[in-house]
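**Student:** The structure is given below, and queries will be raised subsequently.
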Amino acid sequence: KEYKTADSLYSLDTATTKKFDGVVLYTPLGTVRITGSDNDMITSQDLLCVDLGGNDRYRGRFASSIPVEQPISVVIDLDGNDIFDGSDTTHTMGSGLFGIGCLIDLKGNDNYISKHSAIGNALYGVGLVADFEGDDIYTGNVWTQGAAHIGVGAVVDYKGNDIYSCAEQSQAMGSTLGAGILLDVEGNDSYIARDDGNVSALYLNQSVAMSQGVGYGRRADLGDGHSLAGGVGILVDGKGDDIYSAQVWAQGAG
């Protein structure tokens with residue numbers, strides 16, 4: 001950069017500035033990883049991972065607690081069109097399994113792909129995904145996008161035209177002693193519980209969604225008799241022209 005003063009011209013030569021390639025710190029509670037602005041492939045389970053930018057791909061188990069071994073795991077991604085890929089594992093991407101799992105993404109059009117128990121999911125813990133900006137796609141099957149059993153599972157998306165897709169028991173579903181929360185502040189969004197997600201002959205071959213704001217317990221009057229009350233599921237959309245699609249047991253049900 002160059003700038004002028006009243007009596008002279010100064011220049012700052014940044015050509016020799018060293019590129020930051022990242023660093024890993026080892027602590028008794030787990031690794032602290034800081035990655036640079038390249039397009040990184042991240043497959044590690046860290047105590048804390050901070051990515052400074054780039055179109056990154058995360059795979060496997062990350063931002064998820066592991067009982068006893070790793071009670072807390074946090075991922076913070078500052079920028080980039082990222083892919084969070086949990087298609088080959090469970091309990092990932094902001095999953096609190098007997099602990100705390102947190103994923104925070106500040107900017108970019110991101111793609112969240114899950115298999116089971118991911119994207120703001122909790123089982124005896126707290127799971128959170130917070131996305132601050134971008135047109136994002138959230139895809140999963142079961143226990144995803146704000147779902148919890150004895151704990152809190154939450155997804156908070158602040159801005160962008162987003163798509164949420166699931167099979168069943170997702171999108172703000174609270175099971176026993178659980179709170180499942182899906183909050184989208186603004187944007188033209190789509191909430192889809194797929195028609196082939198949980199097809200039941202009892203419901204004339206429609207899909208029993210148990211999604212989009214549902215409190216879901218254990219009904220055992222025809223089984224062992226040990227029924228359990230459901231929890232609380234809350235879906236809040238603050239602004240925008242939105243689409244909600246589901247078949248039965250959905251959109252504000254208990």
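For the structure tokens, the naming scheme is as follows: chains receive sequential letters (A, B, ...) according to their order of presentation, residues are indexed from 1 within each chain, and ligands are indexed from 1 in presentation order.
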As a count of residues only, please: all residues of region 34-165 of chain A that backbone DSSP puts in strand (DSSP E or B).

**Tutor:** 75

**Student:** For Leu29 (chain A), which residue among A:Pro71, A:Gly108, A:Gly60, A:Gly53 is the nearest when counting only C-alpha atoms?

**Tutor:** A:Pro71

**Student:** I need the residue nearest Gly254 (chain A) from this list: A:Ser175, A:Asn55, A:Asn205, A:Ser37. Use only C-alpha atoms for the distance.

**Tutor:** A:Ser175

**Student:** Return the single residue from A:Tyr158, A:Phe98, A:Tyr191, A:Tyr124 that is closest to Gly178 (chain A), with distances computed using only C-alpha atoms.

**Tutor:**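 Once distances to Gly178 (chain A) are computed over only C-alpha atoms, the minimum belongs to A:Tyr124.
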
**Student:** Please produce, as JSON lines, a per-residue contact table for region 19-39 of chain A versus region 74-96 of chain A (criterion: any atom at most 10 Å away, only C-alpha atoms considered), showing the nearest atom pair and its distance in Å to one decimal, sorted by chain then residue number.

**Tutor:**
{"residue": "A:Val32", "atom": "CA", "partner": "A:Val74", "partner_atom": "CA", "distance": 9.6}
{"residue": "A:Arg33", "atom": "CA", "partner": "A:Val75", "partner_atom": "CA", "distance": 9.4}
{"residue": "A:Ile34", "atom": "CA", "partner": "A:Ile76", "partner_atom": "CA", "distance": 9.6}
{"residue": "A:Thr35", "atom": "CA", "partner": "A:Asp77", "partner_atom": "CA", "distance": 9.5}
{"residue": "A:Ser37", "atom": "CA", "partner": "A:Asp79", "partner_atom": "CA", "distance": 8.5}
{"residue": "A:Asp38", "atom": "CA", "partner": "A:Gly80", "partner_atom": "CA", "distance": 9.7}
{"residue": "A:Asn39", "atom": "CA", "partner": "A:Gly80", "partner_atom": "CA", "distance": 8.6}

**Student:** What's the 6 Å shell around region 144-152 of chain A, counting only C-alpha atoms, without same-chain residues fewer than 3 positions away, as a ChimeraX atom specification?

**Tutor:** /A:117-126,155,170-182

**Student:** For the selection you just gave me, I'd like the residues written to a file as an mmCIF file, in the first residue's frame, keeping C-alpha atoms.

**Tutor:**
data_model
loop_
_atom_site.group_PDB
_atom_site.id
_atom_site.type_symbol
_atom_site.label_atom_id
_atom_site.label_comp_id
_atom_site.auth_asym_id
_atom_site.auth_seq_id
_atom_site.Cartn_x
_atom_site.Cartn_y
_atom_site.Cartn_z
ATOM 1 C CA SER A 117 -28.254 -37.621 14.237
ATOM 2 C CA ALA A 118 -26.605 -34.476 12.908
ATOM 3 C CA ILE A 119 -27.057 -30.762 12.135
ATOM 4 C CA GLY A 120 -28.212 -29.485 15.525
ATOM 5 C CA ASN A 121 -28.939 -32.775 17.239
ATOM 6 C CA ALA A 122 -28.761 -33.733 20.894
ATOM 7 C CA LEU A 123 -28.880 -36.950 22.897
ATOM 8 C CA TYR A 124 -28.264 -36.183 26.563
ATOM 9 C CA GLY A 125 -26.448 -33.010 25.528
ATOM 10 C CA VAL A 126 -26.518 -29.805 23.476
ATOM 11 C CA VAL A 155 -30.342 -24.801 14.110
ATOM 12 C CA SER A 170 -36.424 -33.707 12.234
ATOM 13 C CA GLN A 171 -36.818 -29.954 11.678
ATOM 14 C CA ALA A 172 -37.688 -28.902 15.237
ATOM 15 C CA MET A 173 -38.557 -32.225 16.862
ATOM 16 C CA GLY A 174 -38.405 -32.603 20.629
ATOM 17 C CA SER A 175 -38.481 -36.092 22.112
ATOM 18 C CA THR A 176 -38.704 -36.911 25.824
ATOM 19 C CA LEU A 177 -37.172 -34.122 27.926
ATOM 20 C CA GLY A 178 -35.821 -32.611 24.732
ATOM 21 C CA ALA A 179 -36.162 -29.301 22.926
ATOM 22 C CA GLY A 180 -35.749 -29.262 19.145
ATOM 23 C CA ILE A 181 -35.475 -25.760 17.690
ATOM 24 C CA LEU A 182 -35.238 -24.527 14.103
#

**Student:** Using only C-alpha atoms, which of A:Leu103, A:Val199, A:Met210, A:Leu228 sits nearest Gly153 (chain A)?

**Tutor:**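 Smallest distance to Gly153 (chain A) is found for A:Leu103.
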
**Student:** Could you tell me which of A:Gln70, A:Thr27, A:Asn161, A:Gln169 comes closest to Gly217 (chain A) if we count only C-alpha atoms?

**Tutor:**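 Residue with the minimum atom-to-atom distance to Gly217 (chain A): A:Gln169.
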
**Student:** Ranking A:Gly187, A:Ala253, A:Arg194, A:Ala246 by minimum distance to Val214 (chain A) and counting only C-alpha atoms, which one comes first?

**Tutor:**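 With only C-alpha atoms as the atom set, the closest residue is A:Ala253.
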